[in-house]
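**Q** Enclosed is the structure file data.tsv (TSV, C-alpha atoms).
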chain	number	residue	atom	x	y	z
A	152	MET	CA	-14.81	34.61	42.27
A	153	SER	CA	-17.49	36.51	40.41
A	154	LYS	CA	-19.81	35.06	37.77
A	155	ASN	CA	-18.01	37.05	35.06
A	156	ASN	CA	-14.66	35.58	36.04
A	157	VAL	CA	-16.10	32.03	36.02
A	158	LYS	CA	-17.64	32.61	32.57
A	159	LYS	CA	-14.37	34.06	31.33
A	160	ASN	CA	-12.46	31.09	32.75
A	161	ASN	CA	-14.86	28.59	31.11
A	162	GLN	CA	-14.62	30.42	27.79
A	163	GLU	CA	-10.82	30.47	27.96
A	164	GLN	CA	-10.81	26.73	28.69
A	165	LYS	CA	-13.08	26.11	25.68
A	166	GLU	CA	-10.81	28.19	23.46
A	167	ASP	CA	-7.74	26.34	24.75
A	168	SER	CA	-9.49	23.03	24.17
A	169	LYS	CA	-10.43	24.01	20.59
A	170	GLU	CA	-6.85	25.14	19.92
A	171	GLN	CA	-5.50	21.87	21.28
A	172	LEU	CA	-7.94	19.90	19.15
A	173	LEU	CA	-6.92	21.83	16.06
A	174	GLU	CA	-3.23	21.20	16.77
A	175	GLN	CA	-3.90	17.49	17.34
A	176	TYR	CA	-5.91	17.40	14.12
A	177	LYS	CA	-3.09	19.01	12.13
A	178	LEU	CA	-0.56	16.60	13.60
A	179	PHE	CA	-2.75	13.59	12.93
A	180	VAL	CA	-3.41	14.64	9.32
A	181	GLU	CA	0.34	15.12	8.82
A	182	MET	CA	1.02	11.66	10.29
A	183	THR	CA	-1.58	10.18	7.94
A	184	ASP	CA	0.14	11.85	5.00
A	185	ARG	CA	3.47	10.39	6.14
A	186	ILE	CA	1.91	6.93	6.19
A	187	SER	CA	0.87	7.44	2.56
A	188	ASN	CA	4.42	8.48	1.68
A	189	ARG	CA	5.82	5.39	3.41
A	190	ARG	CA	3.33	3.28	1.47
A	191	ASN	CA	4.56	4.78	-1.81
A	192	GLU	CA	8.17	4.09	-0.81
A	193	MET	CA	7.26	0.50	0.04
A	194	ASN	CA	5.67	0.06	-3.40
A	195	LYS	CA	8.81	1.46	-5.07
A	196	PHE	CA	10.94	-0.94	-3.03
A	197	TYR	CA	8.93	-3.99	-4.10
A	198	VAL	CA	8.83	-2.94	-7.76
A	199	SER	CA	12.63	-2.48	-7.74
A	200	LEU	CA	13.19	-5.77	-5.92
A	201	LEU	CA	10.91	-7.73	-8.22
A	202	SER	CA	12.46	-6.12	-11.30
A	203	SER	CA	15.88	-7.17	-10.05
A	204	LEU	CA	14.70	-10.73	-9.51
A	205	MET	CA	13.22	-10.73	-13.02
A	206	ALA	CA	16.63	-9.64	-14.37
A	207	VAL	CA	18.32	-12.48	-12.47
A	208	LEU	CA	15.84	-14.94	-13.98
A	209	ALA	CA	16.55	-13.53	-17.44
A	210	LEU	CA	20.29	-14.02	-16.90
A	211	ILE	CA	19.82	-17.57	-15.65
A	212	THR	CA	17.50	-18.67	-18.43
A	213	GLY	CA	19.15	-16.71	-21.21
A	214	LYS	CA	21.70	-19.36	-22.15
A	215	ASP	CA	21.08	-22.97	-23.14
A	216	ASP	CA	23.64	-24.34	-20.69
A	217	PHE	CA	21.10	-25.11	-18.02
A	218	TYR	CA	22.78	-27.30	-15.43
A	219	VAL	CA	21.82	-28.36	-11.90
A	220	GLU	CA	23.21	-25.27	-10.15
A	221	LYS	CA	21.22	-23.00	-12.43
A	222	ILE	CA	18.06	-24.99	-11.79
A	223	PHE	CA	18.61	-24.60	-8.04
A	224	ILE	CA	19.18	-20.84	-8.41
A	225	PHE	CA	16.16	-20.57	-10.70
A	226	ILE	CA	13.91	-22.33	-8.17
A	227	LEU	CA	15.35	-20.22	-5.34
A	228	VAL	CA	14.73	-16.94	-7.22
A	229	VAL	CA	11.19	-17.95	-8.20
A	230	THR	CA	10.44	-18.98	-4.61
A	231	LEU	CA	11.81	-15.67	-3.30
A	232	THR	CA	9.78	-13.80	-5.89
A	233	PHE	CA	6.52	-15.42	-4.80
A	234	ALA	CA	7.41	-14.85	-1.14
A	235	PHE	CA	8.06	-11.16	-1.82
A	236	LEU	CA	4.83	-10.85	-3.80
A	237	TYR	CA	2.95	-12.37	-0.86
A	238	LEU	CA	4.62	-9.96	1.58
A	239	TRP	CA	3.89	-7.02	-0.71
A	240	GLY	CA	0.20	-7.93	-0.85
A	241	LYS	CA	0.08	-8.31	2.95
A	242	SER	CA	1.83	-4.95	3.39
A	243	ILE	CA	-0.67	-3.24	1.09
A	244	SER	CA	-3.55	-4.70	3.11
A	245	SER	CA	-1.89	-3.61	6.34
A	246	TYR	CA	-1.50	-0.03	5.10
A	247	LYS	CA	-5.16	-0.06	4.06
A	248	GLN	CA	-6.18	-1.05	7.58
A	249	LEU	CA	-3.90	1.57	9.11
A	250	ASN	CA	-5.22	4.32	6.83
A	251	SER	CA	-8.82	3.29	7.49
A	252	GLY	CA	-8.23	3.61	11.22
A	253	LYS	CA	-6.53	6.97	10.83
A	254	PHE	CA	-9.37	8.36	8.71
A	255	LYS	CA	-11.93	7.17	11.25
A	256	VAL	CA	-10.06	9.14	13.92
A	257	ILE	CA	-9.88	12.18	11.63
A	258	SER	CA	-13.62	11.87	11.00
A	259	GLU	CA	-14.30	11.83	14.74
A	260	MET	CA	-12.09	14.88	15.25
A	261	GLU	CA	-13.81	16.74	12.41
A	262	LYS	CA	-17.14	16.43	14.21
A	263	LEU	CA	-15.71	18.88	16.73
A	264	LEU	CA	-14.33	21.27	14.08
A	265	PRO	CA	-16.23	23.86	12.03
A	266	TYR	CA	-15.98	22.00	8.69
A	267	PRO	CA	-15.44	18.25	8.08
A	268	CYS	CA	-13.04	18.43	5.08
A	269	TYR	CA	-12.19	14.75	4.82
A	270	ASP	CA	-15.75	13.57	5.38
A	271	LYS	CA	-16.98	15.94	2.65
A	272	GLU	CA	-14.23	14.83	0.28
A	273	TRP	CA	-15.12	11.18	0.91
A	274	GLU	CA	-18.78	11.97	0.34
A	275	PHE	CA	-17.99	13.73	-2.99
A	276	LEU	CA	-15.94	10.68	-4.02
A	277	GLY	CA	-18.94	8.40	-3.49
A	278	LYS	CA	-17.36	6.84	-0.37
A	279	GLY	CA	-15.25	4.61	-2.61
A	280	LYS	CA	-18.28	2.78	-4.00
A	281	ASP	CA	-18.48	4.49	-7.40
A	282	PRO	CA	-15.39	3.71	-9.52
A	283	LYS	CA	-16.23	6.62	-11.83
A	284	LYS	CA	-15.68	9.00	-8.92
A	285	TYR	CA	-12.87	7.19	-7.14
A	286	ALA	CA	-10.91	4.00	-7.66
A	287	PRO	CA	-9.50	2.87	-4.30
A	288	VAL	CA	-5.71	2.77	-4.50
A	289	THR	CA	-5.50	-0.40	-2.43
A	290	GLU	CA	-7.51	-2.30	-5.02
A	291	LEU	CA	-5.23	-1.04	-7.79
A	292	GLU	CA	-2.12	-1.99	-5.82
A	293	LEU	CA	-3.45	-5.48	-5.09
A	294	LYS	CA	-4.41	-5.94	-8.76
A	295	THR	CA	-0.85	-5.00	-9.69
A	296	VAL	CA	0.48	-7.72	-7.38
A	297	LYS	CA	-1.94	-10.26	-8.90
A	298	ILE	CA	-0.92	-9.28	-12.44
A	299	ILE	CA	2.75	-9.72	-11.58
A	300	ILE	CA	1.97	-13.14	-10.05
A	301	CYS	CA	0.23	-14.12	-13.29
A	302	VAL	CA	3.20	-12.90	-15.35
A	303	TYR	CA	5.61	-14.94	-13.23
A	304	ILE	CA	3.42	-18.04	-13.47
A	305	PHE	CA	3.23	-17.61	-17.24
A	306	LEU	CA	7.01	-17.18	-17.50
A	307	LEU	CA	7.60	-20.17	-15.25
A	308	LEU	CA	5.30	-22.40	-17.26
A	309	SER	CA	6.70	-21.11	-20.55
A	310	PHE	CA	10.23	-21.80	-19.40
A	311	PHE	CA	9.46	-25.39	-18.36
A	312	ILE	CA	7.46	-26.08	-21.51
A	313	TYR	CA	10.33	-24.69	-23.61
A	314	LYS	CA	12.87	-26.84	-21.78
A	315	ALA	CA	10.63	-29.92	-22.03
A	316	ILE	CA	10.20	-29.45	-25.79
A	317	LYS	CA	13.92	-28.91	-26.19
A	318	ILE	CA	14.71	-32.10	-24.28
A	319	TRP	CA	12.03	-34.04	-26.20
A	320	MET	CA	13.50	-32.93	-29.53
A	321	ILE	CA	16.98	-34.24	-28.63
Write out the structure in this file as structure tokens.
**A**
Amino acid sequence: MSKNNVKKNNQEQKEDSKEQLLEQYKLFVEMTDRISNRRNEMNKFYVSLLSSLMAVLALITGKDDFYVEKIFIFILVVTLTFAFLYLWGKSISSYKQLNSGKFKVISEMEKLLPYPCYDKEWEFLGKGKDPKKYAPVTELELKTVKIIICVYIFLLLSFFIYKAIKIWMI
């Protein structure tokens, strides 16, 4: 084999390798986008679920005829609500870890590509450290969970205080 053929072969291999890298990069970016979509669907699921549980609590506590069965259902619904809030928070954290890993891989791949789009975007956004440039979604999602927990605690305490006052006044 002549030197020209060897050079041509090496160059073709490099081109094939670059093409494969680009295809892997595209696929990986698409998979990362799908993860974000799944995360959004998960958030919708938990908001719907928790709204439904709030409606059940409203139905249970709406009338004054509060007997033992209703108390049991009330405690069960509240317990389920806090369990689901815990699971939602854990799921959000898990998606954060998954996305962080995926973006690290993308960053490594971009070192071999002509322009590092995601790294530049992250740089322009202050790498998540400047809230004026970028407010990390995970933090907002977790704050939402904490706010809902506070609302449920407030409603729970209000309900028991209301019932205690009502019993005391009898």
**Q** Neighbours of Ser258 (chain A) within 9 Å (only C-alpha atoms; same-chain residues fewer than 3 positions away dropped), as a PyMOL selection string?
**A** chain A and resi 253-255+261-262+267-270
**Q** Sorted by chain and rising residue number, which residues of region 161-229 of chain A lie within 12 Å of region 288-293 of chain A, and what are their closest atom pairs and distances in Å to one decimal, counting all atoms listed in the file, as CSV?
**A**
residue,atom,partner,partner_atom,distance
A:Ser187,CA,A:Val288,CA,10.7
A:Arg190,CA,A:Thr289,CA,10.3
A:Asn191,CA,A:Glu292,CA,10.3
A:Met193,CA,A:Glu292,CA,11.3
A:Asn194,CA,A:Glu292,CA,8.4
A:Lys195,CA,A:Glu292,CA,11.5
A:Tyr197,CA,A:Glu292,CA,11.4
A:Val198,CA,A:Glu292,CA,11.2
**Q** So what do you get for CA of Lys271 (chain A) versus CA of Lys294 (chain A), distance-wise?
**A**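 CA of Lys294 (chain A) lies 27.7 Å from CA of Lys271 (chain A).
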**Q** Just the number, please: distance in Å from CA of Val207 (chain A) to CA of Thr295 (chain A), one decimal.
**A**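 One can read the CA of Val207 (chain A) to CA of Thr295 (chain A) distance as 20.8 Å.
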**Q** I want to know what sits within 12 Å of Leu306 (chain A), based on all atoms listed in the file, with residues of the same chain fewer than 4 positions away left out; could you give that as a VMD selection string?
**A** chain A and resid 205 208 to 209 212 225 229 299 to 302 310 to 313
**Q** Export C-alpha atoms of the chosen residues as an mmCIF file, in the frame of the given file?
**A**
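Okay, again.cif is ready:
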data_model
loop_
_atom_site.group_PDB
_atom_site.id
_atom_site.type_symbol
_atom_site.label_atom_id
_atom_site.label_comp_id
_atom_site.auth_asym_id
_atom_site.auth_seq_id
_atom_site.Cartn_x
_atom_site.Cartn_y
_atom_site.Cartn_z
ATOM 1 C CA MET A 205 13.220 -10.730 -13.020
ATOM 2 C CA LEU A 208 15.840 -14.940 -13.980
ATOM 3 C CA ALA A 209 16.550 -13.530 -17.440
ATOM 4 C CA THR A 212 17.500 -18.670 -18.430
ATOM 5 C CA PHE A 225 16.160 -20.570 -10.700
ATOM 6 C CA VAL A 229 11.190 -17.950 -8.200
ATOM 7 C CA ILE A 299 2.750 -9.720 -11.580
ATOM 8 C CA ILE A 300 1.970 -13.140 -10.050
ATOM 9 C CA CYS A 301 0.230 -14.120 -13.290
ATOM 10 C CA VAL A 302 3.200 -12.900 -15.350
ATOM 11 C CA PHE A 310 10.230 -21.800 -19.400
ATOM 12 C CA PHE A 311 9.460 -25.390 -18.360
ATOM 13 C CA ILE A 312 7.460 -26.080 -21.510
ATOM 14 C CA TYR A 313 10.330 -24.690 -23.610
#
**Q** Tell me, in Å to one decimal, how far CA of Tyr237 (chain A) is from CA of Asn250 (chain A).
**A** 20.1 Å
**Q** Let me make sure I understand: among A:Gln175, A:Asp184, A:Ile211, A:Ser309, which one has the smallest atom-to-atom distance to Tyr246 (chain A) if we use only C-alpha atoms?
**A**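 Nearest candidate to Tyr246 (chain A) out of A:Gln175, A:Asp184, A:Ile211, A:Ser309: A:Asp184.
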**Q** With distances taken over all atoms listed in the file, which of A:Phe179, A:Phe233, A:Phe196, A:Trp239 is nearest to Leu307 (chain A)?
**A**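 Of all the options, A:Phe233 lies closest to Leu307 (chain A).
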**Q** Identify which of the residues A:Ala286, A:Leu204, A:Lys169, A:Ile257 lies closest to Ala234 (chain A), counting only C-alpha atoms when measuring atom-to-atom distances.
**A** A:Leu204
**Q** Return the padded bounding box of region 304-319 of chain A as AutoDock Vina command-line options: axis-aligned, built from all atoms listed in the file, 4 Å added on each side, with centre and edge lengths in Å to one decimal.
**A**
--center_x 9.0 --center_y -25.6 --center_z -19.8 --size_x 19.5 --size_y 24.9 --size_z 20.7
**Q** Extract, using all atoms listed in the file, all DNA, RNA and protein residues at most 9 Å from Phe235 (chain A), discarding same-chain residues fewer than 5 positions from it, and format them as a list of chain:residue names.
**A**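 The contact residues come out as A:Tyr197, A:Leu200, A:Leu201, A:Thr230, A:Gly240.
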**Q** Where atoms are missing, can you supply N, CA and C atoms for region 261-291 of chain A and output the lot as a CSV table (one decimal), in the coordinates of the input?
**A**
chain,number,residue,atom,x,y,z
A,261,GLU,N,-13.1,15.7,13.2
A,261,GLU,CA,-13.8,16.7,12.4
A,261,GLU,C,-15.2,17.1,12.9
A,262,LYS,N,-15.8,16.2,13.7
A,262,LYS,CA,-17.1,16.4,14.2
A,262,LYS,C,-17.1,17.6,15.2
A,263,LEU,N,-15.9,17.8,15.7
A,263,LEU,CA,-15.7,18.9,16.7
A,263,LEU,C,-15.1,20.2,16.1
A,264,LEU,N,-14.9,20.1,14.8
A,264,LEU,CA,-14.3,21.3,14.1
A,264,LEU,C,-15.4,21.9,13.2
A,265,PRO,N,-15.2,23.2,12.8
A,265,PRO,CA,-16.2,23.9,12.0
A,265,PRO,C,-16.6,23.2,10.7
A,266,TYR,N,-15.6,22.6,10.0
A,266,TYR,CA,-16.0,22.0,8.7
A,266,TYR,C,-15.3,20.6,8.5
A,267,PRO,N,-16.0,19.6,8.2
A,267,PRO,CA,-15.4,18.2,8.1
A,267,PRO,C,-14.8,18.0,6.7
A,268,CYS,N,-13.7,18.5,6.4
A,268,CYS,CA,-13.0,18.4,5.1
A,268,CYS,C,-13.0,17.0,4.5
A,269,TYR,N,-12.4,16.1,5.3
A,269,TYR,CA,-12.2,14.8,4.8
A,269,TYR,C,-13.5,14.0,4.6
A,270,ASP,N,-14.4,14.2,5.5
A,270,ASP,CA,-15.8,13.6,5.4
A,270,ASP,C,-16.4,14.1,4.1
A,271,LYS,N,-16.4,15.4,3.9
A,271,LYS,CA,-17.0,15.9,2.6
A,271,LYS,C,-16.3,15.4,1.4
A,272,GLU,N,-15.0,15.4,1.4
A,272,GLU,CA,-14.2,14.8,0.3
A,272,GLU,C,-14.7,13.4,0.0
A,273,TRP,N,-14.7,12.6,1.0
A,273,TRP,CA,-15.1,11.2,0.9
A,273,TRP,C,-16.5,11.1,0.4
A,274,GLU,N,-17.4,12.0,0.8
A,274,GLU,CA,-18.8,12.0,0.3
A,274,GLU,C,-18.8,12.3,-1.2
A,275,PHE,N,-18.0,13.3,-1.6
A,275,PHE,CA,-18.0,13.7,-3.0
A,275,PHE,C,-17.4,12.6,-3.9
A,276,LEU,N,-16.6,11.8,-3.3
A,276,LEU,CA,-15.9,10.7,-4.0
A,276,LEU,C,-16.8,9.4,-4.0
A,277,GLY,N,-18.0,9.5,-3.5
A,277,GLY,CA,-18.9,8.4,-3.5
A,277,GLY,C,-18.6,7.3,-2.5
A,278,LYS,N,-17.8,7.7,-1.5
A,278,LYS,CA,-17.4,6.8,-0.4
A,278,LYS,C,-16.7,5.6,-0.9
A,279,GLY,N,-16.0,5.7,-2.1
A,279,GLY,CA,-15.2,4.6,-2.6
A,279,GLY,C,-16.1,3.5,-3.3
A,280,LYS,N,-17.4,3.8,-3.4
A,280,LYS,CA,-18.3,2.8,-4.0
A,280,LYS,C,-18.6,3.0,-5.5
A,281,ASP,N,-18.2,4.2,-6.0
A,281,ASP,CA,-18.5,4.5,-7.4
A,281,ASP,C,-17.1,4.7,-8.1
A,282,PRO,N,-16.7,3.6,-8.9
A,282,PRO,CA,-15.4,3.7,-9.5
A,282,PRO,C,-15.2,4.9,-10.5
A,283,LYS,N,-16.3,5.5,-10.9
A,283,LYS,CA,-16.2,6.6,-11.8
A,283,LYS,C,-15.8,7.8,-11.0
A,284,LYS,N,-16.1,7.9,-9.8
A,284,LYS,CA,-15.7,9.0,-8.9
A,284,LYS,C,-14.3,8.8,-8.2
A,285,TYR,N,-14.1,7.5,-7.9
A,285,TYR,CA,-12.9,7.2,-7.1
A,285,TYR,C,-12.6,5.7,-7.2
A,286,ALA,N,-11.4,5.4,-7.6
A,286,ALA,CA,-10.9,4.0,-7.7
A,286,ALA,C,-10.0,3.8,-6.5
A,287,PRO,N,-10.4,3.0,-5.5
A,287,PRO,CA,-9.5,2.9,-4.3
A,287,PRO,C,-8.1,2.4,-4.7
A,288,VAL,N,-7.1,3.1,-4.2
A,288,VAL,CA,-5.7,2.8,-4.5
A,288,VAL,C,-5.3,1.4,-4.1
A,289,THR,N,-5.8,0.9,-2.9
A,289,THR,CA,-5.5,-0.4,-2.4
A,289,THR,C,-5.9,-1.5,-3.4
A,290,GLU,N,-7.1,-1.3,-4.0
A,290,GLU,CA,-7.5,-2.3,-5.0
A,290,GLU,C,-6.6,-2.3,-6.2
A,291,LEU,N,-6.2,-1.1,-6.7
A,291,LEU,CA,-5.2,-1.0,-7.8
A,291,LEU,C,-3.9,-1.7,-7.5
